[in-house]
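Heads up, the thing below is written out as structure tokens.
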Amino acid sequence: MKKATPYIFIAPAGAIIGFFLLYPLIYSFAISFFEWDLSPTMTFVGLRNYSQILSSSEFWDSMLYTAYYILGVLPFSLLIGFLFANLLNDSTMKGIGFFRMIYFLPVVTSPIAAGMGFSFLFSTELGYVNHIISLFGGDYINWLTNPQGVIQILFNWTGIQLPRILQGPSIALFVIILMGIWQNIGYAMVVYLAGLQNIPTTYYEAAALSGANRFQMLRKITVPLLSPTTFFLLIMFSISSFQVFGPIMVMTPDGGPLNTTSVVVFRLYREAFSYYRFGYASAMAFVLFLFVIFLTAFQVKTIERTVHYE
């Protein structure tokens, strides 16, 4: 009986995990080998869904837009979060708790509510951003309906037409990237702040006695000792960026201009709930899962060797 006691206690949690996580996962993987539109009959197609996905230009376009989002959100979220953490690491600052709370608020803000707010800010006619631009004599910008790549826009004056993959995210996707950075900064700040407070002050005192300046302390002490924190945030933000959906659904519900905001998860949603291709959508979910696993393994293999755990 004593041997069975631990299993009795974990049985409710195991049942919940099995019913709400494992069963849907297994069932979704099973229907990825079928053609199914919620009708009573399911047609077995084997690996056809997977082959269609890998040969689909629309899927690779959505992967490109997802890559734009990740490359736009990741570095700036980490950098700005790191800077804010250093600014708010002074416990003697008046109102430090208030400032930390303000910077963390975007993290707990609903992506739907945040998306509605950004839609209003970047509205062509009513948005505050265009209003500020007009005060300086600029023309209104169609932020959420412009399919031009932001990098290509920077090169337009030169007359150079960049290859499509180098043109960068569309202006609409650029706005969504800004929102992603805004929501990630607070989380990165809090995690970096915890890491900074765990660095012994004796390291900085010894460095100061040796004549090191603040920049040298930052480069030789702070950044190396925060590398485990940076590595953790890199993994977490990479995974969450692959899953971005809510802001796109709110700000560009049709997939954006020329589908330039149609990232993988949004494409998956449309395949399932707009075109009723549930088998195809399930296969796409597992292809995305493999991409996330591959990216995470690649990061662990290549980046972890530069992490200083001591």
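Naming works like this for the structure tokens: A, B, ... for the chains as they're shown, residue 1 at the start of each chain, ligands 1 onward in shown order.
Counting only C-alpha atoms, A:Gly127 has the following residues at most 12 Å away, ignoring those fewer than 3 positions along the same chain: Met116, Gly117, Phe118, Ser119, Phe120, Leu121, Phe122, Ser123, Thr124, Asn130, His131, Ile132, Ile133, Ser134, Tyr140, Ile141, Asn142, Trp143 and Leu144 of chain A.
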Could you pull out the residues in stretch 67-144 of chain A that DSSP calls helix (DSSP H, G or I) from the backbone, as a ChimeraX atom specification? /A:67-87,96-108,111-121,128-135
Between A:Phe289, A:Phe278, A:Trp60, A:Phe273, single out the one closest to A:Ser28, counting only C-alpha atoms. A:Phe278
Please, which residues of stretch 22-81 of chain A, numbered as in this document, come out strand (DSSP E or B) from DSSP, as a ChimeraX atom specification? /A:34-35,43-44
List as a ChimeraX atom specification the protein and nucleic acid residues near stretch 87-92 of chain A, meaning an atom at most 9 Å away when only C-alpha atoms are counted, but skip any in the same chain fewer than 4 places from it. /A:82-83,96-97,99-100,189,193,196-197
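Counting only C-alpha atoms, the residue from A:Met93, A:Ile70, A:Ala15, A:Ile31 that sits nearest to A:Ala285 is A:Ile31.
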Please report the interatomic distance between atom CA of A:Asn259 and atom CA of A:Leu64 in Å with one decimal.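 Distance between the two atoms: 11.6 Å.
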A:Val307, A:Ala207, A:Ala85, A:Ala114 ranked by distance to A:Ser227, top pick (using only C-alpha atoms):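 Residue with the minimum atom-to-atom distance to A:Ser227: A:Val307.
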Excluding A:Gln183 and any residue of its chain fewer than 6 positions from it, enumerate the residues within 8 Å of it, using only C-alpha atoms, and give them as a ChimeraX atom specification. /A:106-107,109
Restricting it to C-alpha atoms, dump the selection as a short mmCIF file (atom, residue, chain, number, x, y, z; two decimals), in the first residue's frame.
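Final output, selection.cif:
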data_model
loop_
_atom_site.label_atom_id
_atom_site.label_comp_id
_atom_site.auth_asym_id
_atom_site.auth_seq_id
_atom_site.Cartn_x
_atom_site.Cartn_y
_atom_site.Cartn_z
CA PRO A 106 2.93 44.81 -20.92
CA VAL A 107 3.81 41.21 -19.98
CA THR A 109 -1.51 42.65 -20.72
#
Looking at A:Ser32, A:Thr261, A:Gln52, A:Ser62, which one is nearest to A:Ala281, with distances taken over only C-alpha atoms? A:Ser32
Atom CA of A:Met179 and atom CA of A:Leu78 are how many Å apart?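 Here the two named atoms are 14.4 Å from each other.
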Using only C-alpha atoms, pick whichever of A:Pro247, A:Gly279, A:Gly211, A:Gly195 has the shortest atom-to-atom distance to A:Thr43. A:Gly279
Residues at most 12 Å from stretch 296-304 of chain A, counting only C-alpha atoms, excluding those fewer than 5 positions away in the same chain, as a list of chain:residue names? A:Ser227, A:Pro228, A:Thr229, A:Thr230, A:Phe231, A:Phe232, A:Leu233, A:Leu234, A:Ile235, A:Met236, A:Phe237, A:Ser238, A:Ile239, A:Ser240, A:Phe242, A:Phe289, A:Leu290, A:Phe291, A:Tyr309
Could you jot down the atom CA of A:Phe29 to atom CA of A:Ser56 separation for me, Å, one decimal place?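 Between atom CA of A:Phe29 and atom CA of A:Ser56 the gap is 20.0 Å.
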A:Glu58 environment, 10 Å, only C-alpha atoms, sequence neighbours closer than 5 positions dropped, as a VMD selection string: chain A and resid 53 63 to 64 259 262 to 264 267
